Structure formats: structure tokens, C-alpha cells
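Asker: Structure incoming, see below.
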Amino acid sequence: MSDSMIVFIRSSKIPSIDELRREVASEGLELESWDEESLQDIEGFWPGTIKGQEAGFEFMLDEIDDEDLEDWGVDKDQLDGRDYMVDLTFRTEMDLAASAICASFFCKTCDGLTFDDDEELTINSSNCSQWASTMLS
């Protein structure tokens, strides 16, 4: 069984693959490299490691459409102009940790926004680091 985190971001702030890999590495997530030139070109499982243990996620970056918003139960007004979404799908506890680190990165770097329904919490650039730390503990 899998679950996913959706991070809503501003397309004007999408980072490079190298920037993403470098920043998440500083948080302990080592992601493998890709031959693609931009994050928009990546789709599929992105393997990595955390403290030597396998950790990764299915990655997809795409424009937001109204049908997706309805499926996720998100009102477009909540997004405040965010026009792209990052979908991080995970299966294991280590994949969840990798997804949390990556989601936090997108919140900080791309003025991202995600929702933790379990905690009834909206995660953004101001609280994403604390949220990710909680997810990792």
C-alpha cells in the first residue's frame, strides 16, 4: 500500500535537480542522480539513502488542474497562486522520511504548501523544518 504527499509550489521558484539533491543531502537524504536536465522531466521512483538505509519515493512535478484539487479536497483559494504540485508517493517508513525531507525542501525553496491531515496542520515555509523533524523522529 502506498500514500503520498502533495506539495503545492510556485513554478517561478522551481529549483534545479542539483540544488534539490544538494539541499536534501544536508538533511541526511542522499538521492541518486538523473540524466534529465530539469525536475519537470523526472517521473518515477527516485531512489536514495538515509543513514545507509534505502529510502526513496515516486516523484512527479506537474501543473495543478482543477480535477486534481477536487480529488485532494483542496480549494484553489487555499493555494494563493501556487500553480504546480509535487507528488511524493511512499510505501515504507524510510520512504516516508525521504518524502518529508523533500517536501520540507519544496516548502522552503518554492514557497510550498502542503497539508498534514493527520495533524490537521498546514505546512509552509515557516513551519516545514519543525514538521519534517517531527516526521523523522
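The way I read the labels, and the way they are meant: chains A, B, ... in the order of the C-alpha cells, residue 1 as the first residue of every chain, and ligand 1 as the first ligand shown, with later ones counted on from there.
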Would you pick out the contacts of Arg21 (chain A) at 9 Å or less, using only C-alpha atoms, so that residues sharing its chain but fewer than 3 positions from it are not included, and give the list as a ChimeraX atom specification?

Answerer: /A:16-18,24-26,29-33

Asker: Quick one: write out the picked residues with N, CA, C and O atoms as an mmCIF file, in the first residue's frame?

Answerer:
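Generated file (result26.cif):
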data_model
loop_
_atom_site.group_PDB
_atom_site.id
_atom_site.type_symbol
_atom_site.label_atom_id
_atom_site.label_comp_id
_atom_site.auth_asym_id
_atom_site.auth_seq_id
_atom_site.Cartn_x
_atom_site.Cartn_y
_atom_site.Cartn_z
ATOM 1 N N SER A 16 16.796 23.612 -9.488
ATOM 2 C CA SER A 16 17.454 22.628 -10.355
ATOM 3 C C SER A 16 17.537 21.290 -9.622
ATOM 4 O O SER A 16 17.396 21.221 -8.392
ATOM 5 N N ILE A 17 17.770 20.247 -10.378
ATOM 6 C CA ILE A 17 17.960 18.920 -9.783
ATOM 7 C C ILE A 17 19.132 18.942 -8.819
ATOM 8 O O ILE A 17 19.045 18.415 -7.707
ATOM 9 N N ASP A 18 20.236 19.568 -9.238
ATOM 10 C CA ASP A 18 21.425 19.618 -8.380
ATOM 11 C C ASP A 18 21.163 20.366 -7.082
ATOM 12 O O ASP A 18 21.632 19.956 -6.016
ATOM 13 N N VAL A 24 18.819 18.507 0.106
ATOM 14 C CA VAL A 24 18.295 17.382 0.894
ATOM 15 C C VAL A 24 19.439 16.548 1.473
ATOM 16 O O VAL A 24 19.284 15.939 2.529
ATOM 17 N N ALA A 25 20.596 16.550 0.803
ATOM 18 C CA ALA A 25 21.759 15.844 1.352
ATOM 19 C C ALA A 25 22.190 16.478 2.673
ATOM 20 O O ALA A 25 22.624 15.776 3.599
ATOM 21 N N SER A 26 22.043 17.797 2.786
ATOM 22 C CA SER A 26 22.400 18.464 4.038
ATOM 23 C C SER A 26 21.452 18.064 5.173
ATOM 24 O O SER A 26 21.768 18.250 6.342
ATOM 25 N N LEU A 29 19.448 13.063 3.401
ATOM 26 C CA LEU A 29 18.887 12.255 2.315
ATOM 27 C C LEU A 29 19.796 12.355 1.096
ATOM 28 O O LEU A 29 19.944 13.430 0.509
ATOM 29 N N GLU A 30 20.404 11.237 0.733
ATOM 30 C CA GLU A 30 21.263 11.172 -0.451
ATOM 31 C C GLU A 30 20.451 10.591 -1.605
ATOM 32 O O GLU A 30 20.150 9.403 -1.616
ATOM 33 N N LEU A 31 20.076 11.434 -2.573
ATOM 34 C CA LEU A 31 19.304 10.990 -3.730
ATOM 35 C C LEU A 31 20.228 10.687 -4.901
ATOM 36 O O LEU A 31 21.208 11.411 -5.124
ATOM 37 N N GLU A 32 19.917 9.637 -5.644
ATOM 38 C CA GLU A 32 20.698 9.308 -6.832
ATOM 39 C C GLU A 32 20.510 10.382 -7.894
ATOM 40 O O GLU A 32 19.510 11.102 -7.905
ATOM 41 N N SER A 33 21.464 10.473 -8.801
ATOM 42 C CA SER A 33 21.385 11.491 -9.855
ATOM 43 C C SER A 33 20.508 10.998 -11.012
ATOM 44 O O SER A 33 20.224 9.809 -11.132
#

Asker: What's around region 92-97 of chain A at 6 Å? Count only C-alpha atoms, leave out sequence neighbours fewer than 5 positions away in its own chain, and write the answer as a count of residues only.

Answerer: 4

Asker: Identify, with DSSP run on backbone atoms, the residues in chain A assigned to helix (DSSP H, G or I), and express the list as a PyMOL selection string.

Answerer: chain A and resi 11-13+17-25+39-41+66-72+76-79+93-109+128-136

Asker: Restricting the calculation to only C-alpha atoms: of A:Cys110, A:Met5, A:Ala98, A:Leu39, which residue gets closest to Gln53 (chain A)?

Answerer: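 That would be A:Ala98, the residue with the smallest distance to Gln53 (chain A).
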
Asker: Would you mind listing what lies within 9 Å of Asp41 (chain A) as a list in words, with only C-alpha atoms counted and same-chain residues fewer than 4 positions away left out?

Answerer: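 Selected residues are Glu36, Glu37, Met60 and Leu61 of chain A.
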
Asker: What does the file look like for those residues with all heavy atoms, as a PDB file, in the first residue's frame?

Answerer:
ATOM      1  N   GLU A  36      18.193  13.531 -16.678  1.00  0.00           N
ATOM      2  CA  GLU A  36      17.329  14.619 -17.101  1.00  0.00           C
ATOM      3  C   GLU A  36      17.915  15.962 -16.663  1.00  0.00           C
ATOM      4  O   GLU A  36      18.666  16.045 -15.708  1.00  0.00           O
ATOM      5  CB  GLU A  36      15.915  14.456 -16.527  1.00  0.00           C
ATOM      6  CG  GLU A  36      15.075  13.442 -17.266  1.00  0.00           C
ATOM      7  CD  GLU A  36      15.458  11.991 -16.984  1.00  0.00           C
ATOM      8  OE1 GLU A  36      16.364  11.748 -16.157  1.00  0.00           O
ATOM      9  OE2 GLU A  36      14.860  11.098 -17.589  1.00  0.00           O
ATOM     10  N   GLU A  37      17.518  17.018 -17.364  1.00  0.00           N
ATOM     11  CA  GLU A  37      18.066  18.339 -17.087  1.00  0.00           C
ATOM     12  C   GLU A  37      17.240  19.165 -16.117  1.00  0.00           C
ATOM     13  O   GLU A  37      17.745  20.114 -15.533  1.00  0.00           O
ATOM     14  CB  GLU A  37      18.245  19.100 -18.404  1.00  0.00           C
ATOM     15  CG  GLU A  37      19.309  18.463 -19.284  1.00  0.00           C
ATOM     16  CD  GLU A  37      19.597  19.264 -20.520  1.00  0.00           C
ATOM     17  OE1 GLU A  37      19.249  20.466 -20.556  1.00  0.00           O
ATOM     18  OE2 GLU A  37      20.175  18.699 -21.455  1.00  0.00           O
ATOM     19  N   MET A  60       6.815  13.124  -9.061  1.00  0.00           N
ATOM     20  CA  MET A  60       6.192  13.748 -10.221  1.00  0.00           C
ATOM     21  C   MET A  60       5.977  15.227  -9.924  1.00  0.00           C
ATOM     22  O   MET A  60       5.534  15.589  -8.829  1.00  0.00           O
ATOM     23  CB  MET A  60       4.858  13.094 -10.550  1.00  0.00           C
ATOM     24  CG  MET A  60       4.268  13.623 -11.857  1.00  0.00           C
ATOM     25  SD  MET A  60       2.695  12.875 -12.292  1.00  0.00           S
ATOM     26  CE  MET A  60       1.632  13.555 -11.046  1.00  0.00           C
ATOM     27  N   LEU A  61       6.303  16.063 -10.876  1.00  0.00           N
ATOM     28  CA  LEU A  61       6.108  17.513 -10.788  1.00  0.00           C
ATOM     29  C   LEU A  61       5.272  17.919 -11.997  1.00  0.00           C
ATOM     30  O   LEU A  61       5.631  17.609 -13.132  1.00  0.00           O
ATOM     31  CB  LEU A  61       7.467  18.217 -10.806  1.00  0.00           C
ATOM     32  CG  LEU A  61       7.482  19.732 -10.900  1.00  0.00           C
ATOM     33  CD1 LEU A  61       6.915  20.346  -9.640  1.00  0.00           C
ATOM     34  CD2 LEU A  61       8.894  20.225 -11.132  1.00  0.00           C
TER      35      LEU A  61
END

Asker: Please provide the set of residues having any atom within 10 Å of Asp66 (chain A), restricted to only C-alpha atoms, with same-chain residues fewer than 4 positions apart removed, written as JSON, numbers by chain.

Answerer: {"A": [70, 71, 72, 74, 75, 76]}

Asker: Among region 15-49 of chain A, which residues does DSSP mark as strand (DSSP E or B) when it is run on the backbone? Keep the chain and numbering as in the structure and answer as a PyMOL selection string.

Answerer: chain A and resi 29-31+43-49

Asker: Which residue is closest to Asp87 (chain A)? Choose from A:Ser11, A:Thr109, A:Thr114, A:Ser129 and count only C-alpha atoms.

Answerer: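 Comparing A:Ser11, A:Thr109, A:Thr114, A:Ser129 against Asp87 (chain A), the winner is A:Thr114.
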
Asker: Residues within 10 Å of Asp111 (chain A), please, as a PyMOL selection string. Count only C-alpha atoms; anything in the same chain fewer than 5 positions from it doesn't count.

Answerer: chain A and resi 7-14+82+105-106+124-126

Asker: What is the distance, in Å and to one decimal place, between CA of Ser104 (chain A) and CA of Trp34 (chain A)?

Answerer: 20.8 Å

Asker: Go ahead and compute the interatomic distance for CA of Ile101 (chain A) and CA of Glu23 (chain A), in Å to one decimal.

Answerer: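 Atom-to-atom, CA of Ile101 (chain A) to CA of Glu23 (chain A), that is 9.6 Å.
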
Asker: Measuring atom to atom with only C-alpha atoms, identify which of A:Asp62, A:Asp68, A:Asp3, A:Asp35 is nearest to Tyr84 (chain A).

Answerer: A:Asp62

Asker: Might you pull out every residue within 9 Å of Ile6 (chain A), with only C-alpha atoms counted and same-chain residues fewer than 5 positions away left off, and present them as a PDB file with N, CA and C atoms, in the first residue's frame?

Answerer:
ATOM      1  N   TRP A  72      -8.235  15.837  -4.171  1.00  0.00           N
ATOM      2  CA  TRP A  72      -7.482  16.017  -2.922  1.00  0.00           C
ATOM      3  C   TRP A  72      -8.273  16.777  -1.864  1.00  0.00           C
ATOM      4  N   MET A  85       2.399  21.303  -8.627  1.00  0.00           N
ATOM      5  CA  MET A  85       2.395  20.416  -7.479  1.00  0.00           C
ATOM      6  C   MET A  85       3.492  19.372  -7.638  1.00  0.00           C
ATOM      7  N   VAL A  86       4.026  18.982  -6.490  1.00  0.00           N
ATOM      8  CA  VAL A  86       4.999  17.902  -6.425  1.00  0.00           C
ATOM      9  C   VAL A  86       4.287  16.755  -5.722  1.00  0.00           C
ATOM     10  N   ASP A  87       4.280  15.592  -6.351  1.00  0.00           N
ATOM     11  CA  ASP A  87       3.670  14.403  -5.776  1.00  0.00           C
ATOM     12  C   ASP A  87       4.795  13.466  -5.353  1.00  0.00           C
ATOM     13  N   LEU A  88       4.869  13.169  -4.057  1.00  0.00           N
ATOM     14  CA  LEU A  88       5.875  12.268  -3.488  1.00  0.00           C
ATOM     15  C   LEU A  88       5.129  11.063  -2.917  1.00  0.00           C
ATOM     16  N   THR A  89       5.202   9.940  -3.607  1.00  0.00           N
ATOM     17  CA  THR A  89       4.486   8.736  -3.180  1.00  0.00           C
ATOM     18  C   THR A  89       5.463   7.808  -2.473  1.00  0.00           C
ATOM     19  N   ALA A 103       9.658  17.189   0.891  1.00  0.00           N
ATOM     20  CA  ALA A 103       8.517  18.109   0.995  1.00  0.00           C
ATOM     21  C   ALA A 103       8.927  19.385   1.728  1.00  0.00           C
ATOM     22  N   LEU A 113       3.420  24.640  -0.061  1.00  0.00           N
ATOM     23  CA  LEU A 113       2.339  24.475   0.899  1.00  0.00           C
ATOM     24  C   LEU A 113       1.860  23.033   0.801  1.00  0.00           C
ATOM     25  N   THR A 114       1.729  22.380   1.958  1.00  0.00           N
ATOM     26  CA  THR A 114       1.156  21.040   1.985  1.00  0.00           C
ATOM     27  C   THR A 114       0.285  20.923   3.226  1.00  0.00           C
ATOM     28  N   PHE A 115      -0.478  19.869   3.277  1.00  0.00           N
ATOM     29  CA  PHE A 115      -1.421  19.692   4.369  1.00  0.00           C
ATOM     30  C   PHE A 115      -1.201  18.332   5.020  1.00  0.00           C
TER      31      PHE A 115
END

Asker: To one decimal in Å, tell me the separation between CA of Leu79 (chain A) and CA of Ser133 (chain A).

Answerer: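 These two atoms are separated by 23.9 Å.
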